[in-house]
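Peer 1: First the structure, then my questions, so here it is.
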Amino acid sequence: ADVRPVEIVNFYNPERRAQINTVPGLIGVILTMTMTIFTGMAIVRERERGNMEMLIATPLSPLELTVGKVMPYVFIGMVQVSLILLLGWFVFQVPVRGALLDVYLAASIYIIATLCLGILISTLARTQFQAMQMAFFLFLPQILLSGCMFPYDGMPRAAQWLAEVFPLTHFLRLIRGIMLRGAGLGELWPSLAALAAFPVVSVSQEDGAAVLEAAKAGQPIAIDAPSTAGLTKALNVIAKPSASSECKILVGGHFDSVPSAPGANDNASGTANV
């Protein structure tokens, strides 16, 4: 019997041009680096200069203040996506086989995810140097494990599980599926849902961290939509002897005073009418 040779056919990159895979991945890499660092360092810089306290004293709600701080970076991210797409088309002839609207929708969700990650870093960092170091600490593993530099299927199973935690992994599946395969967002809904979950998780962690730090410092806590975890952390800190004599929690525009329990042990619990 005749033995037919095995031939590997690349359906979406038959010429095996490196630019076809690199340019879509470059969108995610640039957005990850710029959005996370810019947001983290900008908010920490405002806190270092004392401007954040003045902004908090304004009638703006915490949500309005946060949106106002990050909206310019959303515009910058969209400009970056447009520039990369234009340069990829005119310089490297990288096609966009899917809908351009799907590209921008996926990019907008990813920009929001990276901005929320930057806000989380600014909540944990105390100086701009710390914010930059934390951003690079999260940036390098994403590049190495997301499939941008190395094939995802060629990595060990443990590395693949770790890569699922990073938003860049899911964004690369979205952007490459749209640009190279012509897929729609409906076809790529698992990656889209995973990417959309990152802002929700980041915001919940930011709420808890901000409440915890404010409770330790004895400062008023302003929460528009308080999470159970955030309030639990605050009340646990207030109940400790090291906390201030009184902490004010602002919920829905009204202050509720929560007196601490001097001499209480770590297992004591505070109460608040919230």
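Please note that chains go A, B, ... in the order of the structure tokens, that every chain numbers its residues from 1, and that ligands are numbered from 1 in the order shown.
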Excluding Pro190 in chain A and any residue of its chain fewer than 6 positions from it, enumerate the residues within 10 Å of it, using only C-alpha atoms, and give them as a short mmCIF file (atom, residue, chain, number, x, y, z; two decimals) with N, CA, C and O atoms, in the first residue's frame.
Peer 2:
```
data_model
loop_
_atom_site.label_atom_id
_atom_site.label_comp_id
_atom_site.auth_asym_id
_atom_site.auth_seq_id
_atom_site.Cartn_x
_atom_site.Cartn_y
_atom_site.Cartn_z
N HIS A 170 -6.89 35.25 28.19
CA HIS A 170 -8.22 35.23 27.57
C HIS A 170 -8.34 36.29 26.48
O HIS A 170 -9.04 36.07 25.48
N ARG A 173 -6.86 35.00 23.20
CA ARG A 173 -7.77 34.10 22.50
C ARG A 173 -8.85 34.88 21.77
O ARG A 173 -9.24 34.52 20.64
N LEU A 174 -9.32 35.96 22.40
CA LEU A 174 -10.34 36.77 21.75
C LEU A 174 -9.80 37.49 20.52
O LEU A 174 -10.37 37.41 19.43
N ALA A 196 -14.54 39.28 31.38
CA ALA A 196 -15.46 40.21 32.04
C ALA A 196 -15.53 39.99 33.54
O ALA A 196 -15.92 40.89 34.29
#
```
Peer 1: Just the residues within 10 Å of range 137-153 of chain A, please, counting only C-alpha atoms, with nothing from its chain fewer than 3 positions along; format it as a ChimeraX atom specification.
Peer 2: /A:21-26,28-29,32-33,36-37,117,121,131-134,156-157,159-173
Peer 1: Have a look at A:Ser82, A:Ser204, A:Thr127, A:Ser61 and name the one nearest to Arg45 in chain A; count only C-alpha atoms.
Peer 2: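 Closest candidate: A:Thr127.
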Peer 1: What is the CA of Gly184 in chain A to CA of Ala107 in chain A distance in Å?
Peer 2: 13.6 Å
Peer 1: Can you work out the spacing between CA of Ala125 in chain A and CA of Ser108 in chain A in Å, to one decimal?
Peer 2: 25.5 Å
Peer 1: Quick one: everything within 12 Å of Glu46 in chain A, counting only C-alpha atoms, minus sequence neighbours fewer than 3 positions away in the same chain. Send it as number ranges by chain.
Peer 2: A: 39-43, 49-56, 69, 122-123, 126-128
Peer 1: Restrict the selected residues to N, CA and C atoms and save them as a PDB file, in the first residue's frame.
Peer 2:
```
ATOM      1  N   THR A  39      -2.329  53.673  35.535  1.00  0.00           N
ATOM      2  CA  THR A  39      -3.383  53.817  36.539  1.00  0.00           C
ATOM      3  C   THR A  39      -2.835  53.682  37.953  1.00  0.00           C
ATOM      4  N   GLY A  40      -2.018  52.668  38.175  1.00  0.00           N
ATOM      5  CA  GLY A  40      -1.482  52.451  39.518  1.00  0.00           C
ATOM      6  C   GLY A  40      -0.649  53.616  40.006  1.00  0.00           C
ATOM      7  N   MET A  41       0.253  54.098  39.168  1.00  0.00           N
ATOM      8  CA  MET A  41       1.135  55.178  39.583  1.00  0.00           C
ATOM      9  C   MET A  41       0.384  56.504  39.687  1.00  0.00           C
ATOM     10  N   ALA A  42      -0.593  56.741  38.826  1.00  0.00           N
ATOM     11  CA  ALA A  42      -1.315  58.015  38.857  1.00  0.00           C
ATOM     12  C   ALA A  42      -2.088  58.178  40.158  1.00  0.00           C
ATOM     13  N   ILE A  43      -2.786  57.141  40.587  1.00  0.00           N
ATOM     14  CA  ILE A  43      -3.582  57.250  41.811  1.00  0.00           C
ATOM     15  C   ILE A  43      -2.683  57.326  43.030  1.00  0.00           C
ATOM     16  N   ARG A  49       0.714  63.307  47.032  1.00  0.00           N
ATOM     17  CA  ARG A  49       0.682  64.774  47.010  1.00  0.00           C
ATOM     18  C   ARG A  49      -0.446  65.353  47.845  1.00  0.00           C
ATOM     19  N   GLY A  50      -1.306  64.522  48.380  1.00  0.00           N
ATOM     20  CA  GLY A  50      -2.412  65.008  49.185  1.00  0.00           C
ATOM     21  C   GLY A  50      -3.624  65.445  48.392  1.00  0.00           C
ATOM     22  N   ASN A  51      -3.594  65.237  47.075  1.00  0.00           N
ATOM     23  CA  ASN A  51      -4.736  65.643  46.260  1.00  0.00           C
ATOM     24  C   ASN A  51      -5.939  64.722  46.430  1.00  0.00           C
ATOM     25  N   MET A  52      -5.691  63.477  46.796  1.00  0.00           N
ATOM     26  CA  MET A  52      -6.793  62.532  46.915  1.00  0.00           C
ATOM     27  C   MET A  52      -7.737  62.930  48.043  1.00  0.00           C
ATOM     28  N   GLU A  53      -7.192  63.445  49.154  1.00  0.00           N
ATOM     29  CA  GLU A  53      -8.044  63.871  50.254  1.00  0.00           C
ATOM     30  C   GLU A  53      -8.934  65.037  49.843  1.00  0.00           C
ATOM     31  N   MET A  54      -8.386  65.951  49.055  1.00  0.00           N
ATOM     32  CA  MET A  54      -9.202  67.078  48.582  1.00  0.00           C
ATOM     33  C   MET A  54     -10.290  66.606  47.628  1.00  0.00           C
ATOM     34  N   LEU A  55      -9.984  65.605  46.789  1.00  0.00           N
ATOM     35  CA  LEU A  55     -10.994  65.084  45.880  1.00  0.00           C
ATOM     36  C   LEU A  55     -12.094  64.340  46.629  1.00  0.00           C
ATOM     37  N   ILE A  56     -11.712  63.634  47.684  1.00  0.00           N
ATOM     38  CA  ILE A  56     -12.704  62.909  48.476  1.00  0.00           C
ATOM     39  C   ILE A  56     -13.651  63.869  49.171  1.00  0.00           C
ATOM     40  N   LYS A  69     -11.128  59.345  37.059  1.00  0.00           N
ATOM     41  CA  LYS A  69      -9.679  59.151  37.005  1.00  0.00           C
ATOM     42  C   LYS A  69      -9.259  58.192  35.909  1.00  0.00           C
ATOM     43  N   SER A 122      -2.868  50.275  43.108  1.00  0.00           N
ATOM     44  CA  SER A 122      -2.762  51.567  43.794  1.00  0.00           C
ATOM     45  C   SER A 122      -3.341  51.502  45.199  1.00  0.00           C
ATOM     46  N   THR A 123      -4.307  50.616  45.436  1.00  0.00           N
ATOM     47  CA  THR A 123      -4.860  50.456  46.771  1.00  0.00           C
ATOM     48  C   THR A 123      -3.863  49.788  47.714  1.00  0.00           C
ATOM     49  N   ARG A 126       2.000  51.972  48.533  1.00  0.00           N
ATOM     50  CA  ARG A 126       2.105  53.219  49.286  1.00  0.00           C
ATOM     51  C   ARG A 126       2.944  54.263  48.568  1.00  0.00           C
ATOM     52  N   THR A 127       3.801  53.851  47.656  1.00  0.00           N
ATOM     53  CA  THR A 127       4.632  54.773  46.888  1.00  0.00           C
ATOM     54  C   THR A 127       4.534  54.416  45.413  1.00  0.00           C
ATOM     55  N   GLN A 128       4.959  55.351  44.563  1.00  0.00           N
ATOM     56  CA  GLN A 128       4.954  55.093  43.133  1.00  0.00           C
ATOM     57  C   GLN A 128       5.914  53.970  42.766  1.00  0.00           C
TER      58      GLN A 128
END
```
Peer 1: Taking only C-alpha atoms into account, name the residue in A:Arg47, A:Arg97, A:Thr34, A:Pro62 that is nearest to Met78 in chain A.
Peer 2: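 So, comparing all the options, the nearest one is A:Thr34.
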Peer 1: Could you state the separation of CA of Val67 in chain A and CA of Tyr110 in chain A in Å, given to one decimal place?
Peer 2: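 Distance between the two atoms: 15.8 Å.
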Peer 1: When DSSP works through the backbone of this structure, what residues of range 28-100 of chain A end up as helix (DSSP H, G or I), shown as a VMD selection string?
Peer 2: chain A and resid 28 to 48 51 to 56 62 to 90 100
